[in-house]
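Colleague: The structure under discussion is supplied below as structure tokens; questions concerning it will follow.
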Amino acid sequence: MTRVKRGTIAHKKREKLLKKTKGYRWGRKSKERAAKEALLHAQSRMFRGRKEKKRVFRALWQVRLNAAVRKEGMTYSRFIDALKKKNIALDRKVLSEIARTKPEAFKKIVAEVSK
């Protein structure tokens with residue numbers, strides 16, 4: 001009979017685990033037990049981080065809009081309220097990009113809203 005060498009699946013499992021922790025600091029990138037523990041925490045934070053990212057970006061857009069609108073002599077809340085009353089359907093992301101990249105166009109939007 002031919003000789004059967006064992007442990008290939010276990011080895012692949014370890015390699016897969018350590019590949020995921022590549023770039024981690026200290027022993028968490030090379031020691032199996034530490035890597036397993038690090039991944040448990042990292043994966044839960046990854047999920048939370050994807051949700052948090054949306055909140056953080058919306059807050060950033062609001063801050064940018066507020067700064068741009070105040071230059072035009074208006075407040076953020078009044079600006080958003082006026083947009084809704086005029087039925088202008090531009091979201092905060094688009095508005096903040098316009099304010100950042102095309103200030104002339106943003107001035108026109110503010111002028112239209114403040115009529």
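Going by the structure tokens order, chains are called A, B, ..., each with residues numbered from 1, while ligands are numbered from 1 in the order shown.
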Can you pull out the residues contacting Lys108 (chain A)? Cut-off 12 Å, using only C-alpha atoms, and skip same-chain residues under 3 positions away; I want them as a count of residues only.
Modeller: 14
Colleague: Please extract the residues of chain A with a backbone DSSP assignment of alpha helix (DSSP H) and present them as a VMD selection string.
Modeller: chain A and resid 8 to 20 32 to 71 76 to 85 92 to 101 103 to 113
Colleague: Which is closest to Asn66 (chain A) among A:Ser44, A:Lys29, A:Val110, A:Lys53, if we use only C-alpha atoms?
Modeller: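 Result for the nearest residue to Asn66 (chain A): A:Val110.
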Colleague: For each of A:Lys31, A:Arg14, A:Lys107, A:Lys93, take the minimum atom-to-atom distance to Lys71 (chain A), counting only C-alpha atoms, then give the residue where this is smallest.
Modeller: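 Under the stated criterion, the closest residue is A:Lys107.
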Colleague: Kindly give the distance, in Å, that separates CA of Lys19 (chain A) and CA of Ala42 (chain A), rounded to a single decimal.
Modeller: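 The value is 13.9 Å.
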Colleague: Restricting the calculation to only C-alpha atoms, which member of A:Thr101, A:Ser96, A:Gln43, A:Ser77 is positioned closest to Thr21 (chain A)?
Modeller: A:Gln43
Colleague: Would you pick out the contacts of region 25-28 of chain A at 12 Å or less, using only C-alpha atoms, so that residues sharing its chain but fewer than 3 positions from it are not included, and give the list as a compact mmCIF listing (two decimals) with C-alpha atoms, in the first residue's frame?
Modeller:
```
# COMPACT_ATOMS: atom_id res chain seq x y z
CA LEU A 17 -6.57 31.74 9.22
CA LEU A 18 -3.09 33.26 9.16
CA LYS A 19 -3.68 34.71 5.70
CA LYS A 20 -6.66 36.66 7.06
CA THR A 21 -4.56 38.08 9.91
CA LYS A 22 -1.68 39.13 7.66
CA LYS A 31 0.49 32.54 16.25
CA GLU A 32 -2.59 30.49 15.56
CA ARG A 33 -4.35 30.97 18.91
CA ALA A 34 -3.77 34.73 18.98
CA ALA A 35 -4.82 35.01 15.33
CA LYS A 36 -8.09 33.18 16.00
CA GLU A 37 -8.89 35.54 18.88
CA ALA A 38 -7.97 38.62 16.84
CA LEU A 39 -10.22 37.52 13.99
CA LEU A 40 -13.19 37.00 16.32
CA HIS A 41 -12.97 40.62 17.43
CA ALA A 42 -12.05 42.01 14.02
```
Colleague: Using only C-alpha atoms, can you tell me which of A:Tyr24, A:Val94, A:Ala82, A:Lys51 comes closest to Arg64 (chain A)?
Modeller: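 Using only C-alpha atoms, the shortest distance to Arg64 (chain A) belongs to A:Val94.
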Colleague: Please, what distance in Å, to one decimal, runs between CA of Arg3 (chain A) and CA of Lys16 (chain A)?
Modeller: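 Between CA of Arg3 (chain A) and CA of Lys16 (chain A) the gap works out to 26.1 Å.
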Colleague: Between A:Gly73, A:Glu52, A:Ala68, A:Met1, which is the closest to Phe106 (chain A) once you count only C-alpha atoms?
Modeller: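 Checking each of A:Gly73, A:Glu52, A:Ala68, A:Met1 against Phe106 (chain A), counting only C-alpha atoms, the winner is A:Ala68.
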Colleague: Out of A:Arg50, A:His11, A:Val4, A:Thr75, which residue has the shortest atom-to-atom distance to Val63 (chain A) when counting only C-alpha atoms?
Modeller: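 When distances to Val63 (chain A) are compared using only C-alpha atoms, the smallest one comes from A:Thr75.
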Colleague: Can you tell me how far CA of Leu83 (chain A) sits from CA of Ile109 (chain A), in Å to one decimal?
Modeller: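 Interatomic distance here is 9.1 Å.
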